[in-house]
file my_file13.pdb (PDB, C-alpha atoms)
ATOM      1  CA  MET A 518      57.623 -16.392  62.084
ATOM      2  CA  MET A 519      57.381 -19.273  64.524
ATOM      3  CA  LEU A 520      54.541 -20.817  62.540
ATOM      4  CA  TYR A 521      56.812 -20.857  59.506
ATOM      5  CA  ARG A 522      58.723 -23.776  61.012
ATOM      6  CA  LYS A 523      57.728 -27.415  61.092
ATOM      7  CA  ASN A 524      56.884 -28.544  64.613
ATOM      8  CA  ASP A 525      59.849 -30.917  64.665
ATOM      9  CA  ALA A 526      62.374 -28.397  63.274
ATOM     10  CA  VAL A 527      64.884 -26.517  65.375
ATOM     11  CA  LEU A 528      63.908 -22.890  65.838
ATOM     12  CA  ASP A 529      66.666 -20.543  64.751
ATOM     13  CA  PHE A 530      65.260 -17.148  65.751
ATOM     14  CA  ASP A 531      66.814 -14.265  63.823
ATOM     15  CA  LEU A 532      65.554 -10.890  65.068
ATOM     16  CA  ALA A 533      67.047  -9.073  62.068
ATOM     17  CA  LYS A 534      65.010 -11.285  59.738
ATOM     18  CA  VAL A 535      61.833 -10.703  61.764
ATOM     19  CA  ILE A 536      62.008  -6.921  61.330
ATOM     20  CA  GLU A 537      63.364  -6.990  57.777
ATOM     21  CA  GLN A 538      60.987  -5.816  55.073
ATOM     22  CA  SER A 539      61.905  -8.192  52.281
ATOM     23  CA  ARG A 540      61.134 -11.551  50.738
ATOM     24  CA  ASP A 541      63.317 -13.128  53.428
ATOM     25  CA  ASN A 542      60.689 -12.228  56.034
ATOM     26  CA  PRO A 543      57.732 -14.473  55.141
ATOM     27  CA  VAL A 544      55.239 -12.523  57.279
ATOM     28  CA  PHE A 545      56.119  -9.223  55.604
ATOM     29  CA  TYR A 546      56.124 -10.842  52.156
ATOM     30  CA  VAL A 547      52.630 -12.306  52.552
ATOM     31  CA  GLN A 548      51.247  -9.107  54.102
ATOM     32  CA  TYR A 549      52.800  -7.149  51.250
ATOM     33  CA  GLY A 550      50.970  -9.414  48.783
ATOM     34  CA  HIS A 551      47.664  -8.527  50.422
ATOM     35  CA  ALA A 552      48.513  -4.820  50.410
ATOM     36  CA  ARG A 553      49.594  -5.043  46.764
ATOM     37  CA  ALA A 554      46.225  -6.543  45.821
ATOM     38  CA  HIS A 555      44.457  -3.598  47.442
ATOM     39  CA  SER A 556      46.780  -1.203  45.649
ATOM     40  CA  ILE A 557      45.742  -2.819  42.373
ATOM     41  CA  PHE A 558      42.084  -2.262  43.287
ATOM     42  CA  ARG A 559      42.735   1.416  44.076
ATOM     43  CA  ASN A 560      44.566   1.885  40.757
ATOM     44  CA  ALA A 561      41.824   0.075  38.842
ATOM     45  CA  ARG A 562      39.211   2.423  40.332
ATOM     46  CA  GLU A 563      41.244   5.421  39.179
ATOM     47  CA  GLU A 564      42.102   4.145  35.702
ATOM     48  CA  VAL A 565      39.485   1.768  34.309
ATOM     49  CA  VAL A 566      36.770   0.599  36.708
ATOM     50  CA  PRO A 567      35.484   3.587  38.709
ATOM     51  CA  ASP A 568      32.525   1.579  40.045
ATOM     52  CA  LEU A 569      34.733  -1.179  41.551
ATOM     53  CA  PRO A 570      33.511  -1.459  45.156
ATOM     54  CA  GLU A 571      35.920  -0.817  48.008
ATOM     55  CA  ASP A 572      34.188  -3.312  50.298
ATOM     56  CA  ALA A 573      35.534  -6.864  49.817
ATOM     57  CA  ALA A 574      32.111  -8.560  49.859
ATOM     58  CA  ALA A 575      30.623  -6.082  47.388
ATOM     59  CA  ARG A 576      33.737  -6.350  45.210
ATOM     60  CA  THR A 577      33.400 -10.149  45.169
ATOM     61  CA  VAL A 578      29.789  -9.856  43.978
ATOM     62  CA  TYR A 579      30.777  -7.233  41.376
ATOM     63  CA  LEU A 580      33.597  -9.430  40.015
ATOM     64  CA  ALA A 581      31.547 -12.657  40.006
ATOM     65  CA  SER A 582      30.482 -11.966  36.418
ATOM     66  CA  ALA A 583      34.064 -11.563  35.188
ATOM     67  CA  SER A 584      35.021 -13.536  32.082
ATOM     68  CA  VAL A 585      37.740 -15.593  33.763
ATOM     69  CA  GLU A 586      38.077 -17.716  30.643
ATOM     70  CA  ARG A 587      40.059 -14.745  29.301
ATOM     71  CA  LEU A 588      42.847 -15.693  31.728
ATOM     72  CA  THR A 589      45.021 -17.865  29.505
ATOM     73  CA  ASP A 590      48.619 -17.133  30.452
ATOM     74  CA  PRO A 591      50.237 -20.159  32.157
ATOM     75  CA  ALA A 592      51.219 -18.033  35.173
ATOM     76  CA  GLU A 593      47.611 -16.874  35.592
ATOM     77  CA  LEU A 594      46.365 -20.454  35.358
ATOM     78  CA  ASP A 595      48.969 -21.626  37.882
ATOM     79  CA  LEU A 596      47.866 -18.888  40.288
ATOM     80  CA  LEU A 597      44.209 -19.935  39.891
ATOM     81  CA  LYS A 598      45.164 -23.563  40.541
ATOM     82  CA  ARG A 599      47.041 -22.559  43.692
ATOM     83  CA  LEU A 600      43.980 -20.620  44.891
ATOM     84  CA  ALA A 601      41.824 -23.702  44.346
ATOM     85  CA  LEU A 602      44.080 -25.737  46.652
ATOM     86  CA  PHE A 603      43.361 -23.522  49.676
ATOM     87  CA  PRO A 604      40.384 -25.400  51.217
ATOM     88  CA  ARG A 605      42.060 -28.806  50.941
ATOM     89  CA  MET A 606      45.330 -27.440  52.276
ATOM     90  CA  ILE A 607      43.552 -25.980  55.346
ATOM     91  CA  GLU A 608      41.811 -29.294  55.943
ATOM     92  CA  ALA A 609      45.071 -31.251  55.639
ATOM     93  CA  ALA A 610      46.965 -28.838  57.913
ATOM     94  CA  ALA A 611      44.254 -29.129  60.555
ATOM     95  CA  ALA A 612      44.067 -32.926  60.323
ATOM     96  CA  ALA A 613      47.850 -33.251  60.650
ATOM     97  CA  HIS A 614      48.173 -30.522  63.337
ATOM     98  CA  GLU A 615      50.714 -28.766  61.120
ATOM     99  CA  PRO A 616      50.011 -25.024  60.951
ATOM    100  CA  HIS A 617      53.274 -24.461  59.105
ATOM    101  CA  ARG A 618      51.552 -25.834  55.985
ATOM    102  CA  ILE A 619      49.353 -22.730  55.967
ATOM    103  CA  ALA A 620      52.362 -20.439  56.283
ATOM    104  CA  PHE A 621      54.187 -22.259  53.477
ATOM    105  CA  TYR A 622      51.110 -22.126  51.238
ATOM    106  CA  LEU A 623      50.585 -18.395  51.839
ATOM    107  CA  TYR A 624      54.233 -17.674  51.072
ATOM    108  CA  ASP A 625      54.051 -19.678  47.830
ATOM    109  CA  LEU A 626      50.809 -17.939  46.838
ATOM    110  CA  ALA A 627      52.303 -14.514  47.553
ATOM    111  CA  SER A 628      55.417 -15.469  45.564
ATOM    112  CA  GLU A 629      53.373 -16.450  42.505
ATOM    113  CA  PHE A 630      51.293 -13.291  42.807
ATOM    114  CA  HIS A 631      54.334 -11.011  43.120
ATOM    115  CA  ALA A 632      56.004 -12.802  40.183
ATOM    116  CA  LEU A 633      52.931 -12.302  37.996
ATOM    117  CA  TRP A 634      52.798  -8.620  38.960
ATOM    118  CA  THR A 635      56.489  -8.272  38.043
ATOM    119  CA  ARG A 636      55.939 -10.000  34.680
ATOM    120  CA  GLY A 637      53.225  -7.439  33.980
ATOM    121  CA  ARG A 638      55.756  -4.662  34.468
ATOM    122  CA  ASP A 639      57.983  -6.256  31.825
ATOM    123  CA  LEU A 640      55.208  -7.433  29.476
ATOM    124  CA  PRO A 641      52.440  -4.803  29.235
ATOM    125  CA  TYR A 642      49.846  -7.270  27.909
ATOM    126  CA  LEU A 643      50.074  -9.140  31.261
ATOM    127  CA  ARG A 644      49.348  -6.122  33.448
ATOM    128  CA  PHE A 645      46.436  -6.499  35.816
ATOM    129  CA  ILE A 646      44.950  -3.251  34.529
ATOM    130  CA  ILE A 647      44.635  -2.850  30.753
ATOM    131  CA  ASN A 648      43.242   0.596  29.988
ATOM    132  CA  ASN A 649      41.618  -0.322  26.673
ATOM    133  CA  ASP A 650      40.258  -3.747  27.702
ATOM    134  CA  ALA A 651      37.775  -3.622  30.566
ATOM    135  CA  GLU A 652      36.900  -7.331  30.267
ATOM    136  CA  ILE A 653      40.439  -8.680  30.752
ATOM    137  CA  THR A 654      40.941  -6.119  33.503
ATOM    138  CA  LYS A 655      37.805  -7.349  35.262
ATOM    139  CA  ALA A 656      38.927 -10.989  34.866
ATOM    140  CA  ARG A 657      42.333 -10.197  36.319
ATOM    141  CA  LEU A 658      40.752  -8.196  39.135
ATOM    142  CA  ALA A 659      38.645 -11.257  39.960
ATOM    143  CA  MET A 660      41.855 -13.276  40.186
ATOM    144  CA  VAL A 661      43.437 -10.582  42.393
ATOM    145  CA  GLN A 662      40.299 -10.613  44.555
ATOM    146  CA  GLY A 663      40.777 -14.353  45.026
ATOM    147  CA  VAL A 664      44.377 -13.785  46.064
ATOM    148  CA  ALA A 665      43.390 -11.028  48.507
ATOM    149  CA  LEU A 666      40.656 -13.148  50.083
ATOM    150  CA  VAL A 667      42.833 -16.228  50.475
ATOM    151  CA  LEU A 668      45.775 -14.253  51.875
ATOM    152  CA  ALA A 669      43.493 -12.466  54.346
ATOM    153  CA  SER A 670      41.795 -15.725  55.375
ATOM    154  CA  GLY A 671      45.072 -17.583  55.788
ATOM    155  CA  LEU A 672      46.656 -14.763  57.770
ATOM    156  CA  ALA A 673      43.557 -14.600  59.996
ATOM    157  CA  ILE A 674      43.841 -18.317  60.725
ATOM    158  CA  LEU A 675      47.432 -17.718  61.817
ATOM    159  CA  GLY A 676      46.413 -14.681  63.889
ATOM    160  CA  VAL A 677      48.245 -12.193  61.668
ATOM    161  CA  HIS A 678      46.856  -8.864  60.436
ATOM    162  CA  ALA A 679      46.285  -8.458  56.665
ATOM    163  CA  PRO A 680      46.937  -4.756  55.930
ATOM    164  CA  ASP A 681      45.324  -3.003  52.958
ATOM    165  CA  GLU A 682      48.386  -0.810  52.542
ATOM    166  CA  MET A 683      51.961  -0.726  53.801
ATOM    167  CA  ARG A 684      54.149   2.319  54.069
TER     168      ARG A 684
END
call {"tool": "encode", "arguments": {"input": "my_file13.pdb", "output": "structure tokens"}}
result
Amino acid sequence: MMLYRKNDAVLDFDLAKVIEQSRDNPVFYVQYGHARAHSIFRNAREEVVPDLPEDAAARTVYLASASVERLTDPAELDLLKRLALFPRMIEAAAAAHEPHRIAFYLYDLASEFHALWTRGRDLPYLRFIINNDAEITKARLAMVQGVALVLASGLAILGVHAPDEMR
């Protein structure tokens, strides 16, 4: 929570917000994004892709052949663009000695990811798992894998645990 403030901003510590499990708690919200990604992987294994590896490195190799050109929705493209910004954002945050940039980025990434997941609930063709289309499912799982890796990496930089599930 403290890293979610600029170094020149006044710290207004709100204990209720720190323990709250909602979007208003940026740590919970980002961790929930990581856990949601792993939930998607578990569901994909059950429904469409039984050979999807559980191990992150093996899953990355498995998804490397995904047809990501099938991702055409503007929200999917925006999420991919945000993922691509991660290395430069880390470099800029380090050069400026501003770790809050990482926290802000992770929150924005988690927000876009959660919003895309929610759109899939309302518009079935945007779901991450499409039972009768293994190729689009694999492409979307590759995108989700990118989100999971970036959230985990960013949280690790900040010294925060990235849980695979939250109860």
call {"tool": "residues_around", "arguments": {"input": "my_file13.pdb", "residues": "Ala632 (chain A)", "least_positions_apart": "5", "cutoff": "9 Å", "atoms": "only C-alpha atoms", "output": "ChimeraX atom specification"}}
result
/A:592,627,637
call {"tool": "residues_around", "arguments": {"input": "my_file13.pdb", "residues": "Ala573 (chain A)", "least_positions_apart": "6", "cutoff": "12 Å", "atoms": "all atoms listed in the file", "output": "VMD selection string"}}
result
chain A and resid 554 to 555 558 579 to 580 658 to 659 661 to 667 669 681
call {"tool": "residues_around", "arguments": {"input": "my_file13.pdb", "residues": "Phe645 (chain A)", "least_positions_apart": "3", "cutoff": "12 Å", "atoms": "only C-alpha atoms", "output": "VMD selection string"}}
result
chain A and resid 553 to 554 556 to 558 560 to 561 564 to 565 588 593 630 to 631 633 to 638 640 to 642 648 650 to 662
call {"tool": "closest_residue", "arguments": {"input": "my_file13.pdb", "among": "A:Ala575, A:Leu675, A:Leu597, A:Leu623", "to": "Ala611 (chain A)", "atoms": "only C-alpha atoms"}}
result
A:Leu675
call {"tool": "resolve_selection", "arguments": {"input": "my_file13.pdb", "expression": "the PyMOL selection byres ((chain A and resi 602-605) around 10)", "output": "list in words"}}
result
Leu597, Lys598, Arg599, Leu600, Ala601, Met606, Ile607, Glu608, Ala609, Ala610, Ala611, Ile619, Tyr622, Leu623, Leu626, Val667, Leu668, Ser670 and Gly671 of chain A
call {"tool": "atom_distance", "arguments": {"input": "my_file13.pdb", "atom1": "CA of Thr577 (chain A)", "atom2": "CA of His617 (chain A)"}}
result
28.2 Å
call {"tool": "build_atoms", "arguments": {"input": "my_file13.pdb", "residues": "region 637-648 of chain A", "atoms": "all heavy atoms", "output": "CSV table (one decimal), in the coordinates of the input"}}
result
chain,number,residue,atom,x,y,z
A,637,GLY,N,54.1,-8.5,34.6
A,637,GLY,CA,53.2,-7.4,34.0
A,637,GLY,C,54.0,-6.1,33.8
A,637,GLY,O,53.7,-5.4,32.9
A,638,ARG,N,54.9,-5.9,34.6
A,638,ARG,CA,55.8,-4.7,34.5
A,638,ARG,C,56.6,-4.8,33.2
A,638,ARG,O,56.9,-3.8,32.5
A,638,ARG,CB,56.6,-4.4,35.7
A,638,ARG,CG,55.8,-4.0,36.9
A,638,ARG,CD,56.7,-3.7,38.1
A,638,ARG,NE,57.5,-2.5,37.8
A,638,ARG,CZ,58.6,-2.2,38.4
A,638,ARG,NH1,59.1,-3.0,39.3
A,638,ARG,NH2,59.3,-1.1,38.1
A,639,ASP,N,57.1,-6.0,33.0
A,639,ASP,CA,58.0,-6.3,31.8
A,639,ASP,C,57.2,-6.5,30.5
A,639,ASP,O,57.7,-6.2,29.4
A,639,ASP,CB,58.9,-7.5,32.1
A,639,ASP,CG,59.8,-7.2,33.3
A,639,ASP,OD1,60.1,-6.1,33.6
A,639,ASP,OD2,60.2,-8.3,33.9
A,640,LEU,N,56.0,-7.1,30.6
A,640,LEU,CA,55.2,-7.4,29.5
A,640,LEU,C,53.9,-6.8,29.6
A,640,LEU,O,53.0,-7.3,30.3
A,640,LEU,CB,55.0,-9.0,29.4
A,640,LEU,CG,56.3,-9.8,29.3
A,640,LEU,CD1,56.0,-11.3,29.5
A,640,LEU,CD2,57.0,-9.5,28.0
A,641,PRO,N,53.7,-5.6,29.0
A,641,PRO,CA,52.4,-4.8,29.2
A,641,PRO,C,51.1,-5.6,29.0
A,641,PRO,O,50.1,-5.3,29.7
A,641,PRO,CB,52.6,-3.7,28.2
A,641,PRO,CG,54.1,-3.5,28.0
A,641,PRO,CD,54.6,-4.9,28.1
A,642,TYR,N,51.1,-6.5,28.1
A,642,TYR,CA,49.8,-7.3,27.9
A,642,TYR,C,49.5,-8.1,29.1
A,642,TYR,O,48.3,-8.6,29.2
A,642,TYR,CB,49.9,-8.1,26.6
A,642,TYR,CG,50.9,-9.3,26.7
A,642,TYR,CD1,50.4,-10.5,27.1
A,642,TYR,CD2,52.2,-9.2,26.4
A,642,TYR,CE1,51.2,-11.6,27.2
A,642,TYR,CE2,53.1,-10.3,26.5
A,642,TYR,CZ,52.6,-11.5,26.9
A,642,TYR,OH,53.4,-12.6,27.0
A,643,LEU,N,50.4,-8.3,30.1
A,643,LEU,CA,50.1,-9.1,31.3
A,643,LEU,C,49.7,-8.3,32.5
A,643,LEU,O,49.5,-8.8,33.6
A,643,LEU,CB,51.3,-10.0,31.6
A,643,LEU,CG,51.4,-11.3,30.8
A,643,LEU,CD1,52.7,-12.1,31.2
A,643,LEU,CD2,50.2,-12.2,30.8
A,644,ARG,N,49.7,-7.0,32.3
A,644,ARG,CA,49.3,-6.1,33.4
A,644,ARG,C,47.9,-6.4,33.9
A,644,ARG,O,47.1,-6.9,33.2
A,644,ARG,CB,49.5,-4.7,33.1
A,644,ARG,CG,50.9,-4.3,32.8
A,644,ARG,CD,51.1,-2.8,32.6
A,644,ARG,NE,52.5,-2.6,32.4
A,644,ARG,CZ,53.0,-1.6,31.7
A,644,ARG,NH1,52.3,-0.8,31.0
A,644,ARG,NH2,54.3,-1.5,31.6
A,645,PHE,N,47.7,-6.2,35.2
A,645,PHE,CA,46.4,-6.5,35.8
A,645,PHE,C,45.4,-5.5,35.3
A,645,PHE,O,44.2,-5.8,35.2
A,645,PHE,CB,46.5,-6.4,37.3
A,645,PHE,CG,47.3,-7.5,37.9
A,645,PHE,CD1,48.5,-7.3,38.7
A,645,PHE,CD2,46.9,-8.9,37.8
A,645,PHE,CE1,49.2,-8.3,39.2
A,645,PHE,CE2,47.7,-9.9,38.4
A,645,PHE,CZ,48.8,-9.6,39.1
A,646,ILE,N,45.9,-4.3,35.0
A,646,ILE,CA,45.0,-3.3,34.5
A,646,ILE,C,45.3,-2.9,33.1
A,646,ILE,O,46.4,-2.4,32.8
A,646,ILE,CB,45.0,-2.0,35.4
A,646,ILE,CG1,44.7,-2.4,36.9
A,646,ILE,CG2,44.1,-0.9,34.9
A,646,ILE,CD1,45.0,-1.3,37.9
A,647,ILE,N,44.4,-3.2,32.2
A,647,ILE,CA,44.6,-2.8,30.8
A,647,ILE,C,43.6,-1.8,30.4
A,647,ILE,O,42.4,-2.0,30.4
A,647,ILE,CB,44.4,-4.1,29.8
A,647,ILE,CG1,45.3,-5.3,30.3
A,647,ILE,CG2,44.6,-3.7,28.4
A,647,ILE,CD1,46.8,-5.1,30.1
A,648,ASN,N,44.1,-0.6,30.2
A,648,ASN,CA,43.2,0.6,30.0
A,648,ASN,C,42.2,0.5,28.9
A,648,ASN,O,41.1,1.0,29.0
A,648,ASN,CB,44.1,1.9,29.8
A,648,ASN,CG,44.8,2.3,31.0
A,648,ASN,OD1,44.3,2.1,32.1
A,648,ASN,ND2,46.0,2.9,30.8
